[in-house]
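J.: This structure is in structure tokens; I'll ask about it shortly.
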Amino acid sequence: MGKRERRRKRERGKNPSPRRPVTPEPIVREFPLDAPRLRVVIKHDAPEDAQRISALYWEIKDDGTWARTVGSIGVAGDISAVAAAHSYATLLNCPCANCSEPISVTNRSWANKVGGKNLDAEAPAYLCGECTKIRQQEETERKQRAAEQKRIEREHEQQQAERLQRLVAHVLADEGRKTEPADPLPKDSPLALALYVALISYATRNPGKPLPSLTSTGPLGWTGDAEQDRELLSDLYHAKLLALAPESPPQAFTLSQDGDGIAFFSTEVAWRVVGGLTAAQERVTKIEDDLRTRPGPEPAEAREAFTALVDRLEVLDISGYLDNLLTKKYGYPAVPEARREELADVIRKGFAHGYTSGQMICFAWRAADSAAAWKERNPRMGPPEAASASVTSLNGKIDKAIELHHSIPEYEAPRWHASPLALACFRRLHADIRRVYAREVIGACTQCDHLGLKETVHPETGADTVWRCTHPVEIPAQPHGEEEPSGRDAASDPAGV
């Protein structure tokens, strides 16, 4: 031993190092003793009575069941509270599903939930305390990230909504500045011009109101075909005959795909007549005159297309009335799909023989009534058979009226029957066109030749020309056959149904 070491020893003797405090150890018990399934940890500072109660509370038998009931130890609520406050147990045979460490529990019910009746069941759905904390922390962080993401999305949506609102206001301002339509009128879209006539008729009946959106016009819309309505309205919009109305709802607009502009849904926007109602009515007069009298192959094709459209609408209207009559009045199904083409042909036959829409309503009402009576006389026939029989009945009644020249009364459709909005206007225009070319009208007119032409001055060039006569003198219509000798229909007018 050198001098330095002896000096250090003397100094240590003079200043001994302080002793480290002893950490108190908890009381640990294991049950059962031979093959432990449960390790009980009791706090070191627990009172002796609490230590005793905890040991009794957690003790199990060799098979893993509880050695005694809680009630045998004392008051159940008090015993459980004391044990939970001063001890916990570790299930040695129930590893954590995440880290494989034994799972700790604070009461018996939780121990049985994790380890089963014998405290030895696998616990794939349970975690230890540390893993539970980690999982909870991860879940909290996940919720925080999700909440932050939602906040960012809400802010983005708010910004987009404000931007969309500004763009919509800008677009509607531009639409409001449209005062003149394109010139000349789009002759390549005669059906769009025909729809324009119906739109102006609607606007004349509803002054100061915008033209309704397709969504608000009902399932039949203007022409009974939603896709055709969209196309025709689009043609009128691009011809600057229509503009977007400021009453259009916000949901009718959306940002374009590139995000730099704005788009609108043609079924949702309301429309405004460009140029004012008075100018539009003058424009309608020119459109109607062109449809009636303009010569050449293109106007002839336009009249043919318009006639086909009116024919389709008339068939749609009468077949819809018959379907509604069957379903609403009699509780039958509509005309079956297998007979719808036949039904359309029967309705066209009636119109082709000169019967009006009111007379066709009468035919349809009689057909449904006869089909219902036939079903009552034949109990084995059901509602589907009666609905199908209405087509046969309608065909028979039209054929009989044609053969016997019966005069058929005109019925008004009931209030519950909905027609395409443009049908009434199209009927009037179609009747005007047919009148111009009707042979009996031409023969009775004193202002035109046998071809329906007369000499006049061209409205644009001022030169003498030959033009189609519109027969301005009213020519009385001839009665259609004789009155049918039956008083039943007058007493059964469907207008009162």
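Simple scheme: letters A, B, ... for chains in structure tokens order, numbers from 1 for residues in each chain, numbers from 1 for ligands in the order shown.
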Residues of stretch 284-362 of chain A in helix (DSSP H, G or I) according to DSSP, as a PyMOL selection string?
T.: chain A and resi 284-293+297-329+337-352+357-362
J.: Which neighbours of A:Glu268 fall inside 9 Å, counting only C-alpha atoms, when residues of the same chain fewer than 6 positions from it are skipped, and could you give them as a PyMOL selection string?
T.: chain A and resi 212-216+248-249+251-253
J.: Generate the output file for the selected residues, C-alpha atoms, as a PDB file, in the first residue's frame.
T.:
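In the end it all went to result.pdb:
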```pdb
ATOM      1  CA  PRO A 212     -88.359  27.241 -64.470  1.00  0.00           C
ATOM      2  CA  SER A 213     -85.512  24.766 -64.274  1.00  0.00           C
ATOM      3  CA  LEU A 214     -86.021  21.282 -65.667  1.00  0.00           C
ATOM      4  CA  THR A 215     -85.935  19.905 -62.133  1.00  0.00           C
ATOM      5  CA  SER A 216     -88.948  21.987 -61.136  1.00  0.00           C
ATOM      6  CA  SER A 248     -80.840  30.110 -60.190  1.00  0.00           C
ATOM      7  CA  PRO A 249     -80.058  28.237 -56.936  1.00  0.00           C
ATOM      8  CA  GLN A 251     -76.439  24.167 -56.137  1.00  0.00           C
ATOM      9  CA  ALA A 252     -76.872  24.684 -59.878  1.00  0.00           C
ATOM     10  CA  PHE A 253     -73.225  25.787 -60.165  1.00  0.00           C
TER      11      PHE A 253
END
```
J.: Counting only C-alpha atoms, figure out which residue out of A:Val114, A:Cys425, A:Cys99, A:Cys469 gets nearest to A:Pro295.
T.: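 Residue with the minimum atom-to-atom distance to A:Pro295: A:Cys469.
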J.: Which residue, A:Leu91, A:Leu33, A:Leu233, A:Tyr57, has the smallest gap to A:Val75 when you use only C-alpha atoms?
T.: A:Tyr57
J.: Fewer than 6 positions away in the same chain doesn't count, so skip those; otherwise give me all residues within 9 Å of A:Val284, counting only C-alpha atoms, as a list of chain:residue names.
T.: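 Listed by chain and then number, they are A:Leu193, A:Ala194, A:Tyr196, A:Val197, A:Ile200.
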J.: What does the distance between atom CA of A:Ser319 and atom CA of A:Ala192 come to in Å, to one decimal place?
T.: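 Calculated distance between atom CA of A:Ser319 and atom CA of A:Ala192 is 24.8 Å.
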J.: Hey, what's within 12 Å of A:Arg428 if we count only C-alpha atoms and toss same-chain stuff fewer than 6 positions away? As an MDAnalysis selection string, please?
T.: chainID A and resid 194 197:198 201 288 307 310 356:357 422 434:435
J.: Which of these, A:Gly261, A:Pro472, A:Gly224, A:Pro250, has the shortest distance to A:Asp317 once you count only C-alpha atoms?
T.: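 Of A:Gly261, A:Pro472, A:Gly224, A:Pro250, the one nearest A:Asp317 is A:Gly224, counting only C-alpha atoms.
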J.: Mind the document's chain letters and residue numbers, and return as a list in words the residues of stretch 8-248 of chain A that DSSP labels strand (DSSP E or B).
T.: Ile27, Val28, Arg29, Glu30, Phe31, Leu38, Arg39, Val40, Val41, Ile42, Ile60, Trp66, Ser87, Tyr88, Ala89, Thr90, Leu91, Leu92, Asn93, Cys94, Pro95, Pro102, Ile103, Ser104, Val105, Leu211, Leu242, Ala243 and Leu244 of chain A
J.: For the residues in that selection, give me N, CA and C atoms as a PDB file, in the first residue's frame.
T.:
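Final output, part-v5.pdb:
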```pdb
ATOM      1  N   ILE A  27     -45.024  -6.317  -1.452  1.00  0.00           N
ATOM      2  CA  ILE A  27     -45.248  -7.687  -1.008  1.00  0.00           C
ATOM      3  C   ILE A  27     -45.786  -8.478  -2.191  1.00  0.00           C
ATOM      4  N   VAL A  28     -45.131  -9.583  -2.528  1.00  0.00           N
ATOM      5  CA  VAL A  28     -45.497 -10.386  -3.686  1.00  0.00           C
ATOM      6  C   VAL A  28     -45.931 -11.757  -3.208  1.00  0.00           C
ATOM      7  N   ARG A  29     -47.098 -12.179  -3.691  1.00  0.00           N
ATOM      8  CA  ARG A  29     -47.626 -13.520  -3.403  1.00  0.00           C
ATOM      9  C   ARG A  29     -48.016 -14.175  -4.706  1.00  0.00           C
ATOM     10  N   GLU A  30     -47.834 -15.508  -4.803  1.00  0.00           N
ATOM     11  CA  GLU A  30     -48.223 -16.233  -6.002  1.00  0.00           C
ATOM     12  C   GLU A  30     -49.168 -17.364  -5.631  1.00  0.00           C
ATOM     13  N   PHE A  31     -50.192 -17.553  -6.490  1.00  0.00           N
ATOM     14  CA  PHE A  31     -51.203 -18.596  -6.283  1.00  0.00           C
ATOM     15  C   PHE A  31     -51.403 -19.336  -7.600  1.00  0.00           C
ATOM     16  N   LEU A  38     -51.302 -16.860 -10.834  1.00  0.00           N
ATOM     17  CA  LEU A  38     -51.620 -15.485 -10.462  1.00  0.00           C
ATOM     18  C   LEU A  38     -50.546 -14.951  -9.536  1.00  0.00           C
ATOM     19  N   ARG A  39     -49.990 -13.807  -9.849  1.00  0.00           N
ATOM     20  CA  ARG A  39     -49.023 -13.138  -8.979  1.00  0.00           C
ATOM     21  C   ARG A  39     -49.673 -11.872  -8.451  1.00  0.00           C
ATOM     22  N   VAL A  40     -49.748 -11.780  -7.123  1.00  0.00           N
ATOM     23  CA  VAL A  40     -50.389 -10.654  -6.461  1.00  0.00           C
ATOM     24  C   VAL A  40     -49.302  -9.720  -5.939  1.00  0.00           C
ATOM     25  N   VAL A  41     -49.432  -8.445  -6.234  1.00  0.00           N
ATOM     26  CA  VAL A  41     -48.492  -7.425  -5.777  1.00  0.00           C
ATOM     27  C   VAL A  41     -49.259  -6.487  -4.854  1.00  0.00           C
ATOM     28  N   ILE A  42     -48.852  -6.460  -3.569  1.00  0.00           N
ATOM     29  CA  ILE A  42     -49.494  -5.624  -2.559  1.00  0.00           C
ATOM     30  C   ILE A  42     -48.551  -4.483  -2.222  1.00  0.00           C
ATOM     31  N   ILE A  60     -56.390 -18.149  -5.204  1.00  0.00           N
ATOM     32  CA  ILE A  60     -57.117 -19.074  -6.078  1.00  0.00           C
ATOM     33  C   ILE A  60     -56.746 -20.505  -5.725  1.00  0.00           C
ATOM     34  N   TRP A  66     -61.488 -19.106  -7.868  1.00  0.00           N
ATOM     35  CA  TRP A  66     -61.264 -18.338  -6.647  1.00  0.00           C
ATOM     36  C   TRP A  66     -61.439 -19.213  -5.407  1.00  0.00           C
ATOM     37  N   SER A  87     -53.697  -3.300  -4.108  1.00  0.00           N
ATOM     38  CA  SER A  87     -53.034  -4.431  -4.769  1.00  0.00           C
ATOM     39  C   SER A  87     -53.510  -4.550  -6.205  1.00  0.00           C
ATOM     40  N   TYR A  88     -52.778  -5.338  -6.955  1.00  0.00           N
ATOM     41  CA  TYR A  88     -53.203  -5.739  -8.295  1.00  0.00           C
ATOM     42  C   TYR A  88     -52.627  -7.120  -8.536  1.00  0.00           C
ATOM     43  N   ALA A  89     -53.113  -7.787  -9.600  1.00  0.00           N
ATOM     44  CA  ALA A  89     -52.686  -9.149  -9.891  1.00  0.00           C
ATOM     45  C   ALA A  89     -52.198  -9.244 -11.329  1.00  0.00           C
ATOM     46  N   THR A  90     -51.242 -10.112 -11.562  1.00  0.00           N
ATOM     47  CA  THR A  90     -50.724 -10.378 -12.898  1.00  0.00           C
ATOM     48  C   THR A  90     -51.088 -11.798 -13.281  1.00  0.00           C
ATOM     49  N   LEU A  91     -51.716 -11.937 -14.446  1.00  0.00           N
ATOM     50  CA  LEU A  91     -52.122 -13.262 -14.937  1.00  0.00           C
ATOM     51  C   LEU A  91     -50.937 -13.875 -15.683  1.00  0.00           C
ATOM     52  N   LEU A  92     -50.270 -14.829 -15.037  1.00  0.00           N
ATOM     53  CA  LEU A  92     -49.022 -15.357 -15.574  1.00  0.00           C
ATOM     54  C   LEU A  92     -49.218 -16.165 -16.851  1.00  0.00           C
ATOM     55  N   ASN A  93     -50.411 -16.733 -17.057  1.00  0.00           N
ATOM     56  CA  ASN A  93     -50.666 -17.565 -18.235  1.00  0.00           C
ATOM     57  C   ASN A  93     -51.443 -16.834 -19.336  1.00  0.00           C
ATOM     58  N   CYS A  94     -51.581 -15.514 -19.211  1.00  0.00           N
ATOM     59  CA  CYS A  94     -52.342 -14.730 -20.193  1.00  0.00           C
ATOM     60  C   CYS A  94     -51.444 -13.628 -20.741  1.00  0.00           C
ATOM     61  N   PRO A  95     -50.687 -13.915 -21.809  1.00  0.00           N
ATOM     62  CA  PRO A  95     -49.754 -12.920 -22.341  1.00  0.00           C
ATOM     63  C   PRO A  95     -50.469 -11.827 -23.127  1.00  0.00           C
ATOM     64  N   PRO A 102     -47.118 -10.791 -19.375  1.00  0.00           N
ATOM     65  CA  PRO A 102     -48.352 -11.105 -18.652  1.00  0.00           C
ATOM     66  C   PRO A 102     -49.200  -9.844 -18.438  1.00  0.00           C
ATOM     67  N   ILE A 103     -50.502 -10.013 -18.454  1.00  0.00           N
ATOM     68  CA  ILE A 103     -51.433  -8.893 -18.330  1.00  0.00           C
ATOM     69  C   ILE A 103     -51.798  -8.707 -16.860  1.00  0.00           C
ATOM     70  N   SER A 104     -51.772  -7.464 -16.396  1.00  0.00           N
ATOM     71  CA  SER A 104     -52.127  -7.126 -15.016  1.00  0.00           C
ATOM     72  C   SER A 104     -53.572  -6.641 -14.969  1.00  0.00           C
ATOM     73  N   VAL A 105     -54.256  -7.022 -13.856  1.00  0.00           N
ATOM     74  CA  VAL A 105     -55.654  -6.634 -13.671  1.00  0.00           C
ATOM     75  C   VAL A 105     -55.822  -6.083 -12.260  1.00  0.00           C
ATOM     76  N   LEU A 211     -88.029  31.555 -66.283  1.00  0.00           N
ATOM     77  CA  LEU A 211     -88.437  30.261 -66.811  1.00  0.00           C
ATOM     78  C   LEU A 211     -87.928  29.172 -65.874  1.00  0.00           C
ATOM     79  N   LEU A 242     -81.580  32.570 -74.701  1.00  0.00           N
ATOM     80  CA  LEU A 242     -81.809  32.414 -73.264  1.00  0.00           C
ATOM     81  C   LEU A 242     -80.519  32.737 -72.523  1.00  0.00           C
ATOM     82  N   ALA A 243     -80.675  33.182 -71.294  1.00  0.00           N
ATOM     83  CA  ALA A 243     -79.537  33.428 -70.409  1.00  0.00           C
ATOM     84  C   ALA A 243     -79.885  32.865 -69.036  1.00  0.00           C
ATOM     85  N   LEU A 244     -78.859  32.667 -68.221  1.00  0.00           N
ATOM     86  CA  LEU A 244     -79.085  32.168 -66.869  1.00  0.00           C
ATOM     87  C   LEU A 244     -79.775  33.245 -66.040  1.00  0.00           C
TER      88      LEU A 244
END
```
J.: Find the residues near A:Leu241: any atom within 7 Å, counting only C-alpha atoms, skip ones fewer than 4 places away on the same chain, and give them as number ranges by chain.
T.: A: 181, 236-237, 273-274
J.: One decimal, Å: what's the distance from atom CA of A:Ala239 over to atom CA of A:Arg312, could you say?
T.: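 Calculated distance between atom CA of A:Ala239 and atom CA of A:Arg312 is 25.7 Å.
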J.: Could you build a table of the residues in stretch 358-469 of chain A lying no more than 7 Å from stretch 339-350 of chain A, giving for each the nearest pair of atoms and their separation in Å rounded to one decimal place, using only C-alpha atoms, ordered by chain and ascending residue number, as a Markdown table?
T.:
```
| residue | atom | partner | partner_atom | distance |
| --- | --- | --- | --- | --- |
| A:Val391 | CA | A:Leu343 | CA | 5.9 |
| A:Asn395 | CA | A:Val346 | CA | 5.8 |
| A:Ile398 | CA | A:Gly350 | CA | 6.3 |
```
J.: Using the selection just defined, write its residues with N, CA and C atoms as an mmCIF file, in the first residue's frame.
T.:
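See part_27.cif below for the written result:
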```
data_model
loop_
_atom_site.group_PDB
_atom_site.id
_atom_site.type_symbol
_atom_site.label_atom_id
_atom_site.label_comp_id
_atom_site.auth_asym_id
_atom_site.auth_seq_id
_atom_site.Cartn_x
_atom_site.Cartn_y
_atom_site.Cartn_z
ATOM 1 N N VAL A 391 -106.216 -1.772 -73.918
ATOM 2 C CA VAL A 391 -105.675 -1.479 -75.249
ATOM 3 C C VAL A 391 -106.602 -2.039 -76.319
ATOM 4 N N ASN A 395 -108.777 0.219 -79.069
ATOM 5 C CA ASN A 395 -108.705 -0.022 -80.509
ATOM 6 C C ASN A 395 -110.092 -0.284 -81.092
ATOM 7 N N ILE A 398 -112.238 2.982 -81.254
ATOM 8 C CA ILE A 398 -111.824 3.886 -82.336
ATOM 9 C C ILE A 398 -112.266 3.333 -83.686
#
```
J.: Would you work out the distance separating atom CA of A:Phe306 from atom CA of A:Met360, expressed in Å to one decimal?
T.: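 Interatomic distance here is 20.7 Å.
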